[in-house]
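Trainee: My structure is below; once you've seen it, I'll send some questions.
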Amino acid sequence: GGSLLTLTCSVSLFEGADELRLADGDSPYAGRVEVKPQDQWGTVCDFIWDMEDAEVVCKQLGCGSAVSAYGRAYFGAGSGPTWLFQVDCGGDESALWHCKRAGWDARWCPHSFDTGVVCSGHIKPRLVGGDSPCSGRVEIVHGNTWTTVCDAHFDLKVANVICNELQCGIAASIPEGAHFGEGQGNILTEEFQCVGNKSILLSCPRKSQKNQMCSHTNDASAICSRHTGFRLVNGSTTCSGRVEIQVLGAWGTLCDSHWDLPDANVLCHQLDCGFTVSAPGGGYFGKGTGSVWTDIFHCKGTEPHLGHCPVTALGVSQCSHDNDASVICSGHSESLRLLNGESRCDGRVEISLSGVWGRVLDDQYMNNASVVCRQLQFRVADKTYNPPKSQRGPGSMGLRSVQCAGNETRLTHCDNSMSETAQAGIAQDVGVVYSGSRQIRLVNGTGRCAGTVEIYYNGIWGTVRDDSWDLSDSNVVCKQLGCGHAINATVSAHYGEGSGQIWLDDVNCSGNESDLWSCPSKGWGQHNCRHKEDAGVLCSEFTDLRLVSDSDCAGRLEVFYNGTWGSVCSNQMSGDTAAIACKQLNCGDGGQIEREFKYGAGSGPTWLDHVRCSEKHSSLQCLSEPWNPKSCDNRADETHISCTGKKAKPTQTLFAECPNSPSCTDQEKLRVVGGEDRCSGRVEVWYRGSWGTVCDYSWDMEDANDVCKLLGCGSAVSAPDKAAFGEGTGPIWVETLNCRGTESSLWDCPAKPWGESNCGHKEDAAVNFSGPTERTDSLNTAGKTSPSSHQGLNSPGAVSEREELQAAA
């Protein structure tokens, strides 16, 4: 492990032997202020000590500008004389002793009043250990020393500033737990507090965390979007034109082969251009120049930035400027948009008046919804609602008390009262769900083309029951998702149980329908089952990667596609491809292509050739020739790879034991931790093979009552938030639970999709119960299960998705 940074910074300036330094800080730019006027170091008394005084100290030391000014021995009590008292600087002085002061030697001021400062320093970030300069372990330079950052003090706001400073776009994710390997040397335990639109890390305030114990297993990481700019070119307005993307400083166009309305809608919102009117292809706004990027964005339509959408590129056909993508947005003037929904057709309504986005507040809304529908060019509204507190908009109000007859063409044509100054917190934000908001997705698999089927209907995600579920039904799902055709129709929650509603049962598709809800079924919400019977799908476009040999991290490179494992040809393969494959397989950061035919010939298809990965890629989603089962005729062209790392060996397999067994009850997948007894503490749930916490967004007594009912702990006394029983570890599985308190299981409560939380562990939810109620012996045994009894469940010994795919194939 690394040691905490304990360097000091000192300077000898002016007036003979006068010296100044910062002592006992955790960086060279923070610490207790000490001066040395008479060959003896001493401290400064904190009487009237402020930021102007701290600014002089930081400038004098060449440590940037002042971030914080501390008193009361924040960095610990010093020793020796208290040399200075009642220092009163203007901020422009060249040395601390040039400021107004009450003289030297204030020995009567005790060291419990010693001053301290935090200076900005000369901070420069980098990302190390990733497959490009835009992903990796976060390291910060202090002087000539690189330090890692503790992930307990790292969030998306800080990551966004780092990505921006490195010209790497925006932060896509911040993996925890030394995702890119453990660093070496010192660990910076200061917390960056970036707010607003900071462009460099140096401008972010920092807060010292002296008592935080971190090791290199907690090194922070960041993955940036790589796209550093988006623009519309050659249109008739600033909100229409050819889509151009900047990657590491170079502008190029985007291929239109998979560019669709949800992707275009995200770009319109991102550019503050309203919503999408159309997304023409075929070089509608003329041919661009430079590279033609074939990245495929998989947006829902609600993301704030294209950098937040999943991207794939492997096996995509080459594209020319004849196929440059374009978009026509509604524009700035009196635009409407829907936020915080699951598609571009639902969410909280906002209006842009004179270029400023504001909230729309109301309580009688169906007539108004039809006008919004008409203005946004949607069909009929399915539902209107007042969003919960966690989804209400910040900032000012655009329209209030809107009264529409229903036949107006624009919302501003209705009778309304306008205000630009009303403050946030008024409860009457309005949301609307349109028929086009219905969505489908596959969850719990290892990619977007395999998993449990979920449908978004009436503003809520829910699953499909597996009665009569077959390949015809699955084919409709795969086609709808752009995932090819169905390879396998899975039943009995093969990919894990869903949560929330069960929307469809007895689905009976012919296979020709355009979407799953067009197939005959019992109807929306009509079922008599639990999530143990959730239906799933494996589609032909699902891909996976493996190395075939007696070794985990060396062998013949094979890719899973169209339900079959096949080889990858090595013709014109770039040198970076081996390292990226090794990284994706958790086999270290480096690898090489073996020129000898070391691992034998394959027997299946040869799926890919001319794979050209570069350091900008984070996985094997690289440029290549299109998918072809005979990409190379000569088996001698197959790719053989050896990686620099090794996979950790599995410890033991406990797949058949609770809470990972399919036969376990919901009660055995729920626990409270950190309290005085089993009926108080931090709420933790077992999901996707590991224990994780619940975010406190919208956490209330109804949610807590469902927990205590399931655990047999009486009724809830309180529902504490803000990690009242300490911060958890691992995933934060769910946020925005909206239980009624009457559900039989926490998994039956409406919530944001499980596994998609953006919370931190400082927001872990907790409960206090009135006390245990009588339960059966089996439940009592499960309730007393200690966390240590589940060790190994997260290990590679659990049945892997890759092994399941081989069995399915």
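Naming scheme: A, B, ... for chains in displayed order of the structure tokens; residues 1 onward per chain; ligands 1 onward as shown.
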Fewer than 3 positions away in the same chain doesn't count, so skip those; otherwise give me all residues within 10 Å of Leu261 of chain A, counting only C-alpha atoms, as a PyMOL selection string.
Mentor: chain A and resi 258+264-267+275-280+299-301+327+344
Trainee: Find the spatial neighbours of Ala30 of chain A, counting only C-alpha atoms, within a cut-off of 8 Å - ignore same-chain residues fewer than 3 positions away - and output them as a PyMOL selection string.
Mentor: chain A and resi 22-27+116-119
Trainee: Find the residues around segment 620-630 of chain A up to 7 Å (only C-alpha atoms counted), leave out those fewer than 2 positions away in its own chain, and share them as a list in words.
Mentor: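 Residues meeting the cut-off are Thr312, Ala313, Leu314, Gly315, Val316, Ser317, Ile580, Ala581, Pro605, Thr606, Trp607, Leu608, Asp609, His610, Val611, Arg612, Cys613, His617, Cys632 and Asp633 of chain A.
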Trainee: Would you please give, as number ranges by chain, all residues of segment 181-416 of chain A that DSSP assigns to helix (DSSP H, G or I) based on the backbone?
Mentor: A: 201-203, 216-218, 261-270, 306-308, 321-323, 366-375, 389-391, 411-413
Trainee: Please indicate the distance in Å from atom CA of Ser551 of chain A to atom CA of Thr577 of chain A, rounded to one decimal place.
Mentor: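 Result for atom CA of Ser551 of chain A versus atom CA of Thr577 of chain A: 19.2 Å, one decimal.
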Trainee: Taking into account only C-alpha atoms, which residue in the set A:Cys519, A:Ile593, A:Leu61, A:Ala381 is nearest to Ala95 of chain A?
Mentor: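 Between A:Cys519, A:Ile593, A:Leu61, A:Ala381, the residue approaching Ala95 of chain A most closely is A:Leu61.
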Trainee: I'd like the neighbourhood of Thr237 of chain A as number ranges by chain, where a residue qualifies if any of its atoms comes within 10 Å (using only C-alpha atoms), though same-chain residues fewer than 6 positions away should be ignored.
Mentor: A: 328-329, 331
